[in-house]
Each structure stands twice: as structure tokens, then as C-alpha cells.
Amino acid sequence: MTVTRQDFEDAIATYWGAKQLQREQSAIKAAVGAGTAGSVRGGKHFDAIAILLSKFFLEAGYPPESIRVAKKQGLELPGYYRPQKQWDLVVVHGGVLVAAFELKALGGPSFGNNYNNRVEEALGSAVDLRRAALAELYPKEKPWLGYFFIMEDGGGSRRPISIAEGALPADSIWHGTSYQDRFGIFCERLVAEQLYDAACYVTSSAEDPKPVELVNSLDWRHFSAAISARLTYLKELGIPGQE
């Protein structure tokens, strides 16, 4: 059950296959007047990624009931500025939050519509949980957070985006950057500021699903190594043990 590079690439390809299936189902629903909201909220396209990440914990000896990947299993975690927030994959064992993952994506053709939303979601989720940990809502061990992001590769995400003239100038690092560049900078800063313990950032597309890792420190190799390091750390502390 060892997680391999091929498993990672297959999961990304499956993500795009599920997205295409959703589009087809949405078109059928729209044609018969059923609408598309159910498809938009389904989230099933990330199932392959969640299963891929779950393998790390199963291989490390965590029982399946400690690994939560479906809404009915209870993916809500306590916050500080709000009661709870639902994460995409949660591993809890013996009262310890072993890991929590956000699995997100940004697609075209209008990348700008949701770019800021994705940034704000990631920041809000991490800040809320980190502050809750300081308030001792996460006993025993410090929570470990992972962020997995897929940017759809295309002309709209590769093209440099202009910066408006604001009341004060923006950081020069953003000038001449595309949405692909910007998300690389964003994810690097998330990890550097310890909001997330690790991030994996790839670009890909339905036409060419093979993932491209634009930033070395955010590639699959580093991400999987960070997960393995967390597992090793907890193993030295006797986790997982018998609940």
C-alpha cells in the first residue's frame, strides 16, 4: 500500500475525469430543468486525492475509523472565531488531531473570479484553527495542517495579471505575475509563516493531466516527506496506540 509517485499522478488524472463526469451530469440536469447546484456542491472530484492521502495513515497503522473523508463521518473541527469549520480530510486518533487537509482548486476560464476567495479561505481556515489550538481546544499534540492545491493550466492562468493603482503600492514581488505564479508565492508564504505545515501545489488540465510542480519546495516529494515526518514524530510518541 506504499504511496508512489504513480499513485499521485493517477489521482490527479482521476480528478479531471471526475470533473468531466460532473460537467456531463450538470448538462443533463440543466437540460431537464434540474439545475446544476448539486453537481457544484458534490466535491466528488477530490475523492481520489483524499483516498491517496489516506493511504499514508492506513500504512502507518491508523485504523480506518480514525480517518475521516466523508461528511457523514464528521469533518468539523473546532475554531476560535467560529464554532466549527469543515475540513476535507481529517485524521484524529486518541484525541489527537494527527492531520487535517484542505483540498482546493482554481479553474478557468475566469480565474480572477475565485482567486481571492481561495486565498481568503485558506488563510481563514488556518488562522482560526491555529488560534483555537492556542486556546487549548486541541489537547496533547500540536495540530498538523496540509494544503493541497490544483491550478488549472491554461492561457488564463499563465498570463501576467495587471495590478491596479491603489492607495499604496503592492509588494513588488507580485508585479508581472500570472495566477500560477501568484499561487506559488502564496503557498510558499503559507508554509513559511507556519499557517500550514506543508503544501502541495500543482498545475494540470483535463487535456494534459500530468501534474507540473512549478515550485520545488511545494512539490509532491516534499509534501509526502512532510506527511511521513509527522507520522514518524507521532510514532515515537506511541501514536497510533490503542484507543
# chains A, B, ... in the order shown; residues from 1 in each chain; ligands from 1
>>> residues_around(residues="Pro83 (chain A)", least_positions_apart="3", cutoff="12 Å", atoms="only C-alpha atoms", output="VMD selection string")
chain A and resid 76 to 80 86 128 to 129 132 137
>>> residues_around(residues="Gly184 (chain A)", least_positions_apart="5", cutoff="10 Å", atoms="only C-alpha atoms", output="list in words")
Phe149, Met151, Ser178, Tyr179, Arg189, Leu190, Ala199, Cys200, Tyr201, Val202, Glu213, Leu214, Val215, Asn216, Ser217 and Leu218 of chain A
>>> closest_residue(among="A:Asp171, A:Glu59, A:Asp88, A:Glu188", to="Gln73 (chain A)", atoms="only C-alpha atoms")
A:Asp88
>>> residues_around(residues="Thr2 (chain A)", least_positions_apart="2", cutoff="8 Å", atoms="only C-alpha atoms", output="ChimeraX atom specification")
/A:4,55-56,59
>>> residues_around(residues="Asn114 (chain A)", least_positions_apart="6", cutoff="12 Å", atoms="only C-alpha atoms", output="VMD selection string")
chain A and resid 104 to 108 120 to 121 151 179
>>> write_last_selection(atoms="N, CA, C and O atoms", output="CSV table (one decimal), in the first residue's frame")
chain,number,residue,atom,x,y,z
A,104,LYS,N,-8.1,22.0,-2.5
A,104,LYS,CA,-8.8,23.1,-3.2
A,104,LYS,C,-8.2,23.1,-4.6
A,104,LYS,O,-7.2,22.6,-5.0
A,105,ALA,N,-9.0,23.9,-5.5
A,105,ALA,CA,-8.6,24.0,-6.9
A,105,ALA,C,-9.1,25.4,-7.4
A,105,ALA,O,-10.0,26.0,-6.8
A,106,LEU,N,-8.5,25.8,-8.5
A,106,LEU,CA,-8.9,27.0,-9.2
A,106,LEU,C,-8.9,26.7,-10.7
A,106,LEU,O,-7.9,26.3,-11.2
A,107,GLY,N,-10.0,26.9,-11.3
A,107,GLY,CA,-10.1,26.7,-12.7
A,107,GLY,C,-10.6,27.9,-13.5
A,107,GLY,O,-11.1,28.9,-13.0
A,108,GLY,N,-10.5,27.8,-14.8
A,108,GLY,CA,-10.9,28.8,-15.7
A,108,GLY,C,-12.3,28.6,-16.3
A,108,GLY,O,-13.0,27.7,-15.8
A,120,GLU,N,-8.5,33.7,0.7
A,120,GLU,CA,-9.1,34.0,1.9
A,120,GLU,C,-9.6,32.8,2.7
A,120,GLU,O,-9.5,32.7,3.9
A,121,GLU,N,-10.1,31.8,1.9
A,121,GLU,CA,-10.5,30.5,2.6
A,121,GLU,C,-9.3,29.8,3.3
A,121,GLU,O,-9.4,29.4,4.4
A,151,MET,N,-4.1,24.0,-9.7
A,151,MET,CA,-4.4,25.2,-10.6
A,151,MET,C,-4.6,24.6,-12.0
A,151,MET,O,-3.7,24.0,-12.5
A,179,TYR,N,-1.6,34.1,-12.5
A,179,TYR,CA,-2.2,33.4,-11.4
A,179,TYR,C,-1.4,32.2,-10.9
A,179,TYR,O,-1.4,31.8,-9.7
>>> closest_residue(among="A:Val212, A:Ala198, A:Ile163, A:Leu145", to="Ser224 (chain A)", atoms="only C-alpha atoms")
A:Ala198
>>> atom_distance(atom1="CA of Val92 (chain A)", atom2="CA of Tyr138 (chain A)")
10.7 Å
>>> residues_around(residues="Gly17 (chain A)", least_positions_apart="5", cutoff="12 Å", atoms="only C-alpha atoms", output="MDAnalysis selection string")
chainID A and resid 10:12 22:24 44:48 205:209
